[in-house]
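Asker: Just final.cif, nothing more (mmCIF, C-alpha atoms and all ligand atoms):
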data_work
#
loop_
_atom_site.group_PDB
_atom_site.id
_atom_site.type_symbol
_atom_site.label_atom_id
_atom_site.label_comp_id
_atom_site.auth_asym_id
_atom_site.auth_seq_id
_atom_site.Cartn_x
_atom_site.Cartn_y
_atom_site.Cartn_z
ATOM 1 C CA MET A 1 22.212 12.193 -7.193
ATOM 2 C CA THR A 2 20.485 8.890 -6.630
ATOM 3 C CA ASP A 3 21.477 5.273 -6.726
ATOM 4 C CA GLY A 4 19.320 2.331 -7.578
ATOM 5 C CA ILE A 5 19.452 -0.423 -4.994
ATOM 6 C CA GLY A 6 19.466 -4.184 -5.284
ATOM 7 C CA LEU A 7 17.201 -5.340 -2.541
ATOM 8 C CA GLY A 8 15.360 -8.181 -4.191
ATOM 9 C CA MET A 9 16.303 -10.832 -1.631
ATOM 10 C CA ALA A 10 17.291 -8.700 1.320
ATOM 11 C CA GLY A 11 17.774 -10.717 4.459
ATOM 12 C CA GLY A 12 16.310 -13.989 3.235
ATOM 13 C CA ASP A 13 12.734 -14.399 2.263
ATOM 14 C CA ASP A 14 10.011 -16.683 1.069
ATOM 15 C CA ALA A 15 12.521 -19.017 -0.470
ATOM 16 C CA SER A 16 13.149 -20.297 3.034
ATOM 17 C CA ARG A 17 9.510 -20.523 3.969
ATOM 18 C CA PRO A 18 8.694 -23.933 5.370
ATOM 19 C CA SER A 19 6.169 -26.276 3.884
ATOM 20 C CA SER A 20 4.394 -26.488 7.231
ATOM 21 C CA GLY A 21 2.995 -23.028 6.562
ATOM 22 C CA GLY A 22 0.606 -24.228 3.910
ATOM 23 C CA ARG A 23 0.967 -23.389 0.245
ATOM 24 C CA ASP A 24 4.177 -23.466 -1.658
ATOM 25 C CA SER A 25 5.971 -20.135 -1.807
ATOM 26 C CA ARG A 26 6.231 -20.409 -5.586
ATOM 27 C CA SER A 27 2.516 -19.826 -5.911
ATOM 28 C CA ASP A 28 2.972 -16.825 -3.632
ATOM 29 C CA ALA A 29 5.642 -15.367 -5.855
ATOM 30 C CA HIS A 30 3.455 -15.425 -8.958
ATOM 31 C CA ALA A 31 0.150 -14.529 -7.449
ATOM 32 C CA GLY A 32 -2.295 -12.016 -8.742
ATOM 33 C CA ARG A 33 0.094 -9.239 -9.671
ATOM 34 C CA GLY A 34 -1.498 -6.386 -11.551
ATOM 35 C CA THR A 35 -5.024 -7.373 -10.653
ATOM 36 C CA ALA A 36 -7.383 -5.945 -8.095
ATOM 37 C CA GLY A 37 -7.287 -9.117 -6.021
ATOM 38 C CA CYS A 38 -4.895 -12.001 -5.575
ATOM 39 C CA ASP A 39 -5.000 -15.677 -6.413
ATOM 40 C CA HIS A 40 -4.366 -16.929 -2.901
ATOM 41 C CA ASP A 41 -6.890 -19.247 -1.355
ATOM 42 C CA ALA A 42 -9.294 -17.293 0.794
ATOM 43 C CA GLY A 43 -8.230 -19.587 3.625
ATOM 44 C CA SER A 44 -4.735 -18.168 3.619
ATOM 45 C CA HIS A 45 -6.114 -14.724 4.438
ATOM 46 C CA ASP A 46 -8.684 -15.719 7.045
ATOM 47 C CA GLY A 47 -6.580 -18.055 9.173
ATOM 48 C CA THR A 48 -7.999 -21.335 7.883
ATOM 49 C CA VAL A 49 -4.607 -22.217 6.398
ATOM 50 C CA PRO A 50 -2.116 -22.532 9.276
ATOM 51 C CA SER A 51 0.636 -19.936 9.170
ATOM 52 C CA ALA A 52 2.735 -21.209 12.068
ATOM 53 C CA ALA A 53 6.497 -21.511 11.579
ATOM 54 C CA SER A 54 6.574 -19.280 8.506
ATOM 55 C CA ALA A 55 8.587 -16.249 9.682
ATOM 56 C CA PRO A 56 11.661 -15.619 7.509
ATOM 57 C CA GLU A 57 14.516 -17.718 8.807
ATOM 58 C CA ALA A 58 17.401 -15.470 7.825
ATOM 59 C CA SER A 59 16.142 -12.082 9.033
ATOM 60 C CA ARG A 60 17.980 -11.083 12.188
ATOM 61 C CA ALA A 61 19.550 -7.727 11.305
ATOM 62 C CA TRP A 62 17.235 -5.000 10.038
ATOM 63 C CA PHE A 63 17.644 -1.671 8.269
ATOM 64 C CA LEU A 64 14.478 0.411 7.939
ATOM 65 C CA ILE A 65 14.324 3.534 5.795
ATOM 66 C CA GLU A 66 11.441 6.003 5.816
ATOM 67 C CA HIS A 67 10.468 6.479 2.182
ATOM 68 C CA PRO A 68 7.187 7.804 0.745
ATOM 69 C CA GLY A 69 6.908 5.342 -2.115
ATOM 70 C CA PRO A 70 5.665 4.300 -4.519
ATOM 71 C CA TRP A 71 7.599 1.140 -3.756
ATOM 72 C CA PRO A 72 8.394 -0.926 -6.848
ATOM 73 C CA HIS A 73 8.702 -4.668 -6.791
ATOM 74 C CA PRO A 74 11.421 -5.745 -6.776
ATOM 75 C CA LEU A 75 12.890 -2.853 -4.815
ATOM 76 C CA ALA A 76 15.940 -2.824 -7.080
ATOM 77 C CA GLY A 77 14.178 -0.171 -9.132
ATOM 78 C CA LEU A 78 13.904 2.232 -6.208
ATOM 79 C CA ALA A 79 16.104 5.329 -6.351
ATOM 80 C CA LEU A 80 17.482 6.615 -3.053
ATOM 81 C CA PRO A 81 19.869 9.508 -2.332
ATOM 82 C CA ALA A 82 23.383 8.230 -2.965
ATOM 83 C CA PRO A 83 24.719 7.587 0.566
ATOM 84 C CA LEU A 84 21.456 5.979 1.586
ATOM 85 C CA GLY A 85 21.276 3.887 -1.570
ATOM 86 C CA LYS A 86 24.846 2.690 -1.066
ATOM 87 C CA ALA A 87 24.154 1.790 2.552
ATOM 88 C CA ALA A 88 20.939 -0.043 1.676
ATOM 89 C CA ASP A 89 22.630 -1.956 -1.102
ATOM 90 C CA ALA A 90 25.580 -2.910 1.071
ATOM 91 C CA ALA A 91 23.222 -3.943 3.871
ATOM 92 C CA ALA A 92 21.259 -6.193 1.533
ATOM 93 C CA ARG A 93 24.465 -7.826 0.322
ATOM 94 C CA LEU A 94 25.363 -8.580 3.938
ATOM 95 C CA GLY A 95 22.035 -10.327 4.475
ATOM 96 C CA ILE A 96 20.518 -7.487 6.482
ATOM 97 C CA ARG A 97 16.781 -7.209 5.956
ATOM 98 C CA VAL A 98 16.164 -3.839 4.285
ATOM 99 C CA GLN A 99 12.653 -2.432 4.503
ATOM 100 C CA MET A 100 11.123 0.813 3.293
ATOM 101 C CA ILE A 101 8.679 2.240 5.824
ATOM 102 C CA ARG A 102 6.246 5.141 6.004
ATOM 103 C CA ARG A 103 3.540 6.424 8.263
ATOM 104 C CA PRO A 104 0.116 5.079 7.319
ATOM 105 C CA GLY A 105 -2.049 7.018 4.903
ATOM 106 C CA ARG A 106 -1.413 10.002 2.676
ATOM 107 C CA PRO A 107 -0.053 12.316 5.377
ATOM 108 C CA GLY A 108 2.651 9.740 6.029
ATOM 109 C CA ARG A 109 3.756 9.810 2.416
ATOM 110 C CA ARG A 110 3.935 13.573 2.407
ATOM 111 C CA ARG A 111 5.906 13.529 5.636
ATOM 112 C CA ALA A 112 8.449 11.052 4.285
ATOM 113 C CA ALA A 113 8.946 13.109 1.141
ATOM 114 C CA ALA A 114 9.681 16.371 2.938
ATOM 115 C CA GLY A 115 12.030 17.584 5.649
ATOM 116 C CA ALA A 116 13.341 14.911 7.961
ATOM 117 C CA PHE A 117 13.049 11.154 7.729
ATOM 118 C CA SER A 118 13.866 8.264 10.047
ATOM 119 C CA VAL A 119 16.251 5.371 9.583
ATOM 120 C CA PHE A 120 16.298 2.432 11.985
ATOM 121 C CA ALA A 121 18.921 -0.238 12.549
ATOM 122 C CA GLY A 122 17.928 -3.262 14.569
ATOM 123 C CA TRP A 123 18.686 -6.787 15.676
ATOM 124 C CA THR A 124 15.823 -9.154 16.423
ATOM 125 C CA ALA A 125 17.622 -12.303 17.588
ATOM 126 C CA GLY A 126 18.348 -13.601 21.048
ATOM 127 C CA SER A 127 17.227 -12.467 24.453
ATOM 128 C CA ARG A 128 18.303 -8.858 24.036
ATOM 129 C CA PRO A 129 17.141 -7.562 20.681
ATOM 130 C CA TRP A 130 17.571 -3.856 20.051
ATOM 131 C CA LEU A 131 16.551 -1.043 17.785
ATOM 132 C CA GLU A 132 18.156 2.329 17.135
ATOM 133 C CA ARG A 133 16.743 5.273 15.296
ATOM 134 C CA SER A 134 18.426 8.182 13.601
ATOM 135 C CA VAL A 135 16.764 11.110 11.901
ATOM 136 C CA PHE A 136 18.215 12.614 8.744
ATOM 137 C CA ARG A 137 17.325 15.626 6.708
ATOM 138 C CA HIS A 138 17.014 15.426 2.969
ATOM 139 C CA GLY A 139 20.149 16.947 1.493
ATOM 140 C CA ASP A 140 22.148 16.295 4.663
ATOM 141 C CA LEU A 141 23.178 12.646 4.402
ATOM 142 C CA THR A 142 26.910 13.031 4.096
ATOM 143 C CA ARG A 143 27.956 14.363 7.485
ATOM 144 C CA PRO A 144 30.891 12.392 8.950
ATOM 145 C CA GLY A 145 29.828 9.782 11.446
ATOM 146 C CA GLN A 146 26.519 9.306 9.756
ATOM 147 C CA LEU A 147 25.506 6.898 7.016
ATOM 148 C CA ALA A 148 28.869 6.659 5.315
ATOM 149 C CA ASP A 149 30.489 5.419 8.532
ATOM 150 C CA LEU A 150 27.736 3.080 9.592
ATOM 151 C CA ASP A 151 29.258 -0.295 10.487
ATOM 152 C CA LEU A 152 26.980 -2.523 8.456
ATOM 153 C CA GLU A 153 29.140 -5.571 8.870
ATOM 154 C CA GLY A 154 28.833 -5.159 12.631
ATOM 155 C CA LEU A 155 25.085 -4.696 12.265
ATOM 156 C CA SER A 156 24.852 -7.908 10.250
ATOM 157 C CA LEU A 157 26.418 -9.682 13.250
ATOM 158 C CA GLY A 158 24.234 -7.998 15.842
ATOM 159 C CA ARG A 159 26.588 -5.250 17.008
ATOM 160 C CA ARG A 160 24.956 -1.938 17.803
ATOM 161 C CA PRO A 161 26.252 0.694 15.417
ATOM 162 C CA GLY A 162 25.706 3.552 17.891
ATOM 163 C CA PHE A 163 23.653 4.889 15.084
ATOM 164 C CA GLY A 164 21.022 6.842 16.888
ATOM 165 C CA VAL A 165 18.842 6.795 19.945
ATOM 166 C CA PRO A 166 17.667 3.452 21.335
ATOM 167 C CA VAL A 167 14.013 2.650 20.708
ATOM 168 C CA SER A 168 12.375 0.275 23.143
ATOM 169 C CA GLY A 169 9.400 -0.504 20.942
ATOM 170 C CA PRO A 170 7.063 -1.871 20.128
ATOM 171 C CA LEU A 171 7.632 -0.754 16.599
ATOM 172 C CA VAL A 172 4.836 -2.219 14.511
ATOM 173 C CA LEU A 173 5.234 -2.905 10.800
ATOM 174 C CA VAL A 174 2.289 -3.697 8.535
ATOM 175 C CA CYS A 175 3.059 -4.895 5.021
ATOM 176 C CA THR A 176 1.220 -2.723 2.487
ATOM 177 C CA HIS A 177 3.416 -3.510 -0.498
ATOM 178 C CA GLY A 178 0.706 -3.597 -3.124
ATOM 179 C CA ARG A 179 3.094 -3.914 -6.058
ATOM 180 C CA ARG A 180 4.442 -7.078 -4.553
ATOM 181 C CA ASN A 181 0.909 -8.376 -4.192
ATOM 182 C CA PRO A 182 -2.426 -6.542 -4.271
ATOM 183 C CA CYS A 183 -3.667 -8.328 -1.153
ATOM 184 C CA CYS A 184 -0.976 -6.658 0.939
ATOM 185 C CA ALA A 185 -2.353 -3.216 0.076
ATOM 186 C CA ARG A 186 -6.001 -4.294 0.151
ATOM 187 C CA LEU A 187 -5.713 -5.913 3.584
ATOM 188 C CA GLY A 188 -2.657 -4.171 5.018
ATOM 189 C CA GLY A 189 -3.542 -0.564 4.184
ATOM 190 C CA PRO A 190 -6.758 -0.355 6.217
ATOM 191 C CA LEU A 191 -5.142 -2.325 9.045
ATOM 192 C CA ALA A 192 -2.182 0.070 9.244
ATOM 193 C CA ARG A 193 -4.505 3.071 9.388
ATOM 194 C CA ALA A 194 -6.664 1.467 12.071
ATOM 195 C CA LEU A 195 -3.640 0.561 14.200
ATOM 196 C CA ALA A 196 -2.135 4.018 13.777
ATOM 197 C CA GLY A 197 -5.359 5.414 15.205
ATOM 198 C CA ARG A 198 -4.741 3.438 18.389
ATOM 199 C CA HIS A 199 -0.957 3.178 18.592
ATOM 200 C CA GLY A 200 0.143 6.353 16.822
ATOM 201 C CA ASP A 201 3.774 6.777 15.940
ATOM 202 C CA GLN A 202 4.645 3.177 16.673
ATOM 203 C CA VAL A 203 2.903 1.982 13.519
ATOM 204 C CA TRP A 204 4.483 1.989 10.068
ATOM 205 C CA GLU A 205 3.551 0.671 6.670
ATOM 206 C CA THR A 206 6.324 -1.352 5.086
ATOM 207 C CA THR A 207 7.488 -3.192 2.008
ATOM 208 C CA HIS A 208 7.239 -6.956 1.619
ATOM 209 C CA VAL A 209 7.976 -8.777 4.867
ATOM 210 C CA GLY A 210 7.688 -12.305 3.440
ATOM 211 C CA GLY A 211 4.665 -14.565 3.119
ATOM 212 C CA ASP A 212 2.158 -12.300 1.403
ATOM 213 C CA LEU A 213 -0.267 -15.207 1.200
ATOM 214 C CA TYR A 214 -0.808 -14.533 4.913
ATOM 215 C CA ALA A 215 -1.719 -10.850 4.447
ATOM 216 C CA ALA A 216 -2.416 -8.825 6.404
ATOM 217 C CA ASN A 217 1.015 -9.316 7.952
ATOM 218 C CA LEU A 218 2.227 -7.706 11.148
ATOM 219 C CA VAL A 219 5.813 -7.603 12.445
ATOM 220 C CA ILE A 220 6.630 -6.377 15.942
ATOM 221 C CA LEU A 221 10.136 -5.103 16.596
ATOM 222 C CA PRO A 222 12.585 -5.287 18.207
ATOM 223 C CA HIS A 223 11.822 -8.968 18.789
ATOM 224 C CA GLY A 224 10.867 -9.701 15.180
ATOM 225 C CA LEU A 225 7.578 -11.388 15.987
ATOM 226 C CA TYR A 226 5.506 -12.192 12.903
ATOM 227 C CA TYR A 227 1.721 -12.431 12.948
ATOM 228 C CA GLY A 228 -0.574 -13.147 10.025
ATOM 229 C CA PRO A 229 -3.161 -13.132 8.751
ATOM 230 C CA VAL A 230 -4.442 -10.516 11.165
ATOM 231 C CA ASP A 231 -7.367 -8.157 11.226
ATOM 232 C CA SER A 232 -7.500 -5.159 13.497
ATOM 233 C CA ARG A 233 -8.696 -7.193 16.484
ATOM 234 C CA ALA A 234 -6.042 -9.906 16.197
ATOM 235 C CA ALA A 235 -3.319 -7.326 15.542
ATOM 236 C CA GLY A 236 -4.417 -5.314 18.556
ATOM 237 C CA ALA A 237 -4.304 -8.432 20.727
ATOM 238 C CA ALA A 238 -0.788 -9.257 19.497
ATOM 239 C CA ILE A 239 0.440 -5.737 20.254
ATOM 240 C CA GLU A 240 -1.115 -5.752 23.723
ATOM 241 C CA ALA A 241 0.463 -9.144 24.416
ATOM 242 C CA TYR A 242 3.829 -7.767 23.341
ATOM 243 C CA ARG A 243 3.466 -4.904 25.786
ATOM 244 C CA ARG A 244 3.009 -7.537 28.518
ATOM 245 C CA GLY A 245 6.123 -9.343 27.297
ATOM 246 C CA GLU A 246 4.112 -12.180 25.797
ATOM 247 C CA VAL A 247 3.168 -13.790 22.524
ATOM 248 C CA ILE A 248 -0.252 -15.131 21.660
ATOM 249 C CA LEU A 249 -0.479 -18.228 19.517
ATOM 250 C CA ASP A 250 -3.452 -17.061 17.475
ATOM 251 C CA ARG A 251 -1.989 -16.134 14.057
ATOM 252 C CA TYR A 252 1.560 -16.251 15.399
ATOM 253 C CA ARG A 253 3.789 -17.050 12.419
ATOM 254 C CA GLY A 254 6.975 -17.180 14.471
ATOM 255 C CA ARG A 255 10.029 -15.178 15.301
ATOM 256 C CA ALA A 256 12.247 -13.962 12.475
ATOM 257 C CA GLY A 257 15.773 -15.281 12.314
ATOM 258 C CA ARG A 258 14.971 -18.753 13.590
ATOM 259 C CA SER A 259 14.881 -21.915 11.546
ATOM 260 C CA ALA A 260 11.483 -23.214 10.533
ATOM 261 C CA SER A 261 11.986 -26.261 12.720
ATOM 262 C CA ALA A 262 12.832 -24.050 15.722
ATOM 263 C CA GLN A 263 9.711 -21.983 15.061
ATOM 264 C CA ALA A 264 7.597 -25.110 14.838
ATOM 265 C CA ALA A 265 9.139 -26.429 18.065
ATOM 266 C CA GLU A 266 8.426 -23.129 19.809
ATOM 267 C CA HIS A 267 4.802 -23.273 18.707
ATOM 268 C CA SER A 268 4.347 -26.823 19.965
ATOM 269 C CA ALA A 269 6.115 -26.139 23.259
ATOM 270 C CA ARG A 270 4.001 -23.074 23.935
ATOM 271 C CA ARG A 271 0.841 -24.965 23.087
ATOM 272 C CA LEU A 272 1.774 -27.848 25.369
ATOM 273 C CA THR A 273 3.077 -25.847 28.314
ATOM 274 C CA GLY A 274 0.973 -22.713 28.180
ATOM 275 C CA LEU A 275 4.137 -20.619 28.384
ATOM 276 C CA ARG A 276 3.592 -17.271 26.704
ATOM 277 C CA GLY A 277 6.477 -15.063 27.872
ATOM 278 C CA ILE A 278 8.571 -13.956 24.903
ATOM 279 C CA GLY A 279 11.770 -15.188 26.586
ATOM 280 C CA ASP A 280 10.310 -18.282 28.249
ATOM 281 C CA LEU A 281 11.841 -20.675 25.753
ATOM 282 C CA GLU A 282 15.234 -19.036 25.260
HETATM 283 ZN ZN ZN B 1 -3.400 -12.691 -1.298
#
Kindly transcribe the structure held in the file into structure tokens.
Ligand SMILES: [Zn+2]
Answerer:
Amino acid sequence: MTDGIGLGMAGGDDASRPSSGGRDSRSDAHAGRGTAGCDHDAGSHDGTVPSAASAPEASRAWFLIEHPGPWPHPLAGLALPAPLGKAADAAARLGIRVQMIRRPGRPGRRRAAAGAFSVFAGWTAGSRPWLERSVFRHGDLTRPGQLADLDLEGLSLGRRPGFGVPVSGPLVLVCTHGRRNPCCARLGGPLARALAGRHGDQVWETTHVGGDLYAANLVILPHGLYYGPVDSRAAGAAIEAYRRGEVILDRYRGRAGRSASAQAAEHSARRLTGLRGIGDLE
């Protein structure tokens, strides 16, 4: 039995994207669908158009589900096993950012379709963000204490659900949601595969993360740091900085869950002071 899910606006999205990021999000929403390319300005994909202060403002709680795809857009058309679909739908209604994820490349899709799959719950705000992972088996989603009992309301407020094992990260998401916009697959797909070659199991492809005009987009959890547009070199530098506990300003879109003005202020303060520690401006 499967349930469709209503995830069109999970966790806030481009609607809250600030004007300081460049082009209006309305052009983003109607761009290039169904074509081989996109109708974004080339400058939005090569860094000419500034992307600072464009991370989604409302995304603080996260719910990630390993799913092989194909991923429709909007995700409302996606069928999930009933308990998972119910949880995803309820999470989206609570403002939790729901993302489908899979390992890069074809083997990742096969893996997600068979045997076990991972589900993550996370919180990206504040000085102590966290991420938990639980592994489920297809056909075994109804055990007591599992999905049906997951405290989504608590998750939406930042409370750990005791859902699985803690994951320290970095967990790296690359948007490859080609049905949302072809540029995400064209630019994100090769990037995800390249990063997986260097960072292995920490790298996942994902559905729309917001701001596809800045593809390829990278999100680093548990802190919710957004970078875009990034190529393999810039993404690698961002991941290495994260491992040092730092951000780099090159292609840094901001931290999810903060207002656009707070993201802009962070950018300016870092530029002025040279402070790069993730928690330096808490
Ligand atoms: Zn594009």
Asker: I'd like the interatomic distance between atom CA of Gly122 of chain A and atom CA of Glu246 of chain A, to a tenth of an Å.
Answerer: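 For atom CA of Gly122 of chain A relative to atom CA of Glu246 of chain A, the distance reads 19.9 Å.
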Asker: May I ask you to write as a list in words all residues lying at most 9 Å from ligand ZN 1 (chain B), with all atoms listed in the file counted?
Answerer: Asp28, Ala31, Gly32, Gly37, Cys38, Asp39, His40, Asp41, Ala42, Ser44, His45, Asn181, Pro182, Cys183, Cys184, Arg186, Leu187, Asp212, Leu213, Tyr214, Ala215 and Ala216 of chain A
Asker: Enumerate, as number ranges by chain, the residues matched when the PyMOL selection byres (((chain A and resi 144-161) around 8) and not hetatm) is run on the file above.
Answerer: A: 60-61, 83-84, 87, 90-91, 94-96, 121-123, 130, 141-143, 162-163
Asker: Expand the PyMOL selection byres (((chain A and resi 231) around 12) and not hetatm) into the explicit residue set it covers here, and present it as a PyMOL selection string.
Answerer: chain A and resi 45-47+174+186-195+214-218+227-230+232-238+250-251
Asker: Write out as a PyMOL selection string each polymer residue whose atoms come within 8 Å of segment 263-271 of chain A, counting all atoms listed in the file; drop sequence neighbours fewer than 5 positions from it.
Answerer: chain A and resi 52-55+249+254-255+258+276+281
Asker: Using only C-alpha atoms, which residue out of A:Glu132, A:Asp140, A:Asp89, A:Glu66 lies closest to Arg109 of chain A?
Answerer: A:Glu66
Asker: Pull out every residue that the PyMOL selection byres (((chain A and resi 169) around 7) and not hetatm) matches in the shown coordinates and put them as a list of chain:residue names.
Answerer: A:Val167, A:Ser168, A:Pro170, A:Leu171, A:Leu221, A:Pro222
Asker: Using Å and a single decimal, report how far atom CA of Val135 of chain A sits from atom CA of Pro56 of chain A.
Answerer: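 Separating atom CA of Pro56 of chain A from atom CA of Val135 of chain A is a distance of 27.6 Å.
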Asker: So that I can see what lies close to segment 196-208 of chain A, please list as a ChimeraX atom specification the residues with an atom at most 7 Å from it, counting only C-alpha atoms and leaving out residues fewer than 6 positions away in the same chain.
Answerer: /A:99-104,170-177,180
Asker: With 7 Å as the threshold, what does the neighbourhood of (14.4, -3.8, 8.2) contain in terms of residues, counting all atoms listed in the file? Coordinates are those of the file; answer as a PyMOL selection string.
Answerer: chain A and resi 62-64+97-99
Asker: Using only C-alpha atoms, which of the listed residues (A:Ile278, A:Ile239, A:Ile65, A:Leu78) sits closest to Gly126 of chain A?
Answerer: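 Going through A:Ile278, A:Ile239, A:Ile65, A:Leu78 one by one, the smallest distance to Gly126 of chain A is for A:Ile278.
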Asker: Complete segment 127-143 of chain A at the level of N, CA and C atoms, written as a short mmCIF file (atom, residue, chain, number, x, y, z; two decimals), in the coordinates of the input.
Answerer:
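The resulting file, selection-v7.cif, is reproduced below:
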data_model
loop_
_atom_site.label_atom_id
_atom_site.label_comp_id
_atom_site.auth_asym_id
_atom_site.auth_seq_id
_atom_site.Cartn_x
_atom_site.Cartn_y
_atom_site.Cartn_z
N SER A 127 18.02 -12.93 23.32
CA SER A 127 17.23 -12.47 24.45
C SER A 127 17.28 -10.95 24.61
N ARG A 128 18.23 -10.31 23.92
CA ARG A 128 18.30 -8.86 24.04
C ARG A 128 18.32 -8.18 22.67
N PRO A 129 17.21 -8.25 21.97
CA PRO A 129 17.14 -7.56 20.68
C PRO A 129 17.15 -6.05 20.90
N TRP A 130 17.49 -5.31 19.88
CA TRP A 130 17.57 -3.86 20.05
C TRP A 130 17.18 -3.16 18.76
N LEU A 131 16.95 -1.87 18.93
CA LEU A 131 16.55 -1.04 17.78
C LEU A 131 17.09 0.36 18.04
N GLU A 132 17.67 0.95 17.02
CA GLU A 132 18.16 2.33 17.14
C GLU A 132 17.58 3.15 16.00
N ARG A 133 17.35 4.41 16.30
CA ARG A 133 16.74 5.27 15.30
C ARG A 133 17.57 6.53 15.12
N SER A 134 17.75 6.93 13.89
CA SER A 134 18.43 8.18 13.60
C SER A 134 17.56 8.97 12.63
N VAL A 135 17.57 10.26 12.78
CA VAL A 135 16.76 11.11 11.90
C VAL A 135 17.69 11.93 11.00
N PHE A 136 17.41 11.88 9.72
CA PHE A 136 18.22 12.61 8.74
C PHE A 136 17.36 13.67 8.06
N ARG A 137 18.03 14.64 7.52
CA ARG A 137 17.32 15.63 6.71
C ARG A 137 17.69 15.38 5.25
N HIS A 138 16.72 15.53 4.40
CA HIS A 138 17.01 15.43 2.97
C HIS A 138 18.10 16.44 2.62
N GLY A 139 19.08 16.04 1.87
CA GLY A 139 20.15 16.95 1.49
C GLY A 139 21.24 17.03 2.53
N ASP A 140 21.14 16.24 3.60
CA ASP A 140 22.15 16.30 4.66
C ASP A 140 22.50 14.88 5.09
N LEU A 141 22.92 14.06 4.14
CA LEU A 141 23.18 12.65 4.40
C LEU A 141 24.65 12.31 4.45
N THR A 142 25.49 13.33 4.29
CA THR A 142 26.91 13.03 4.10
C THR A 142 27.77 13.48 5.27
N ARG A 143 27.15 13.93 6.34
CA ARG A 143 27.96 14.36 7.48
C ARG A 143 28.81 13.20 8.00
#
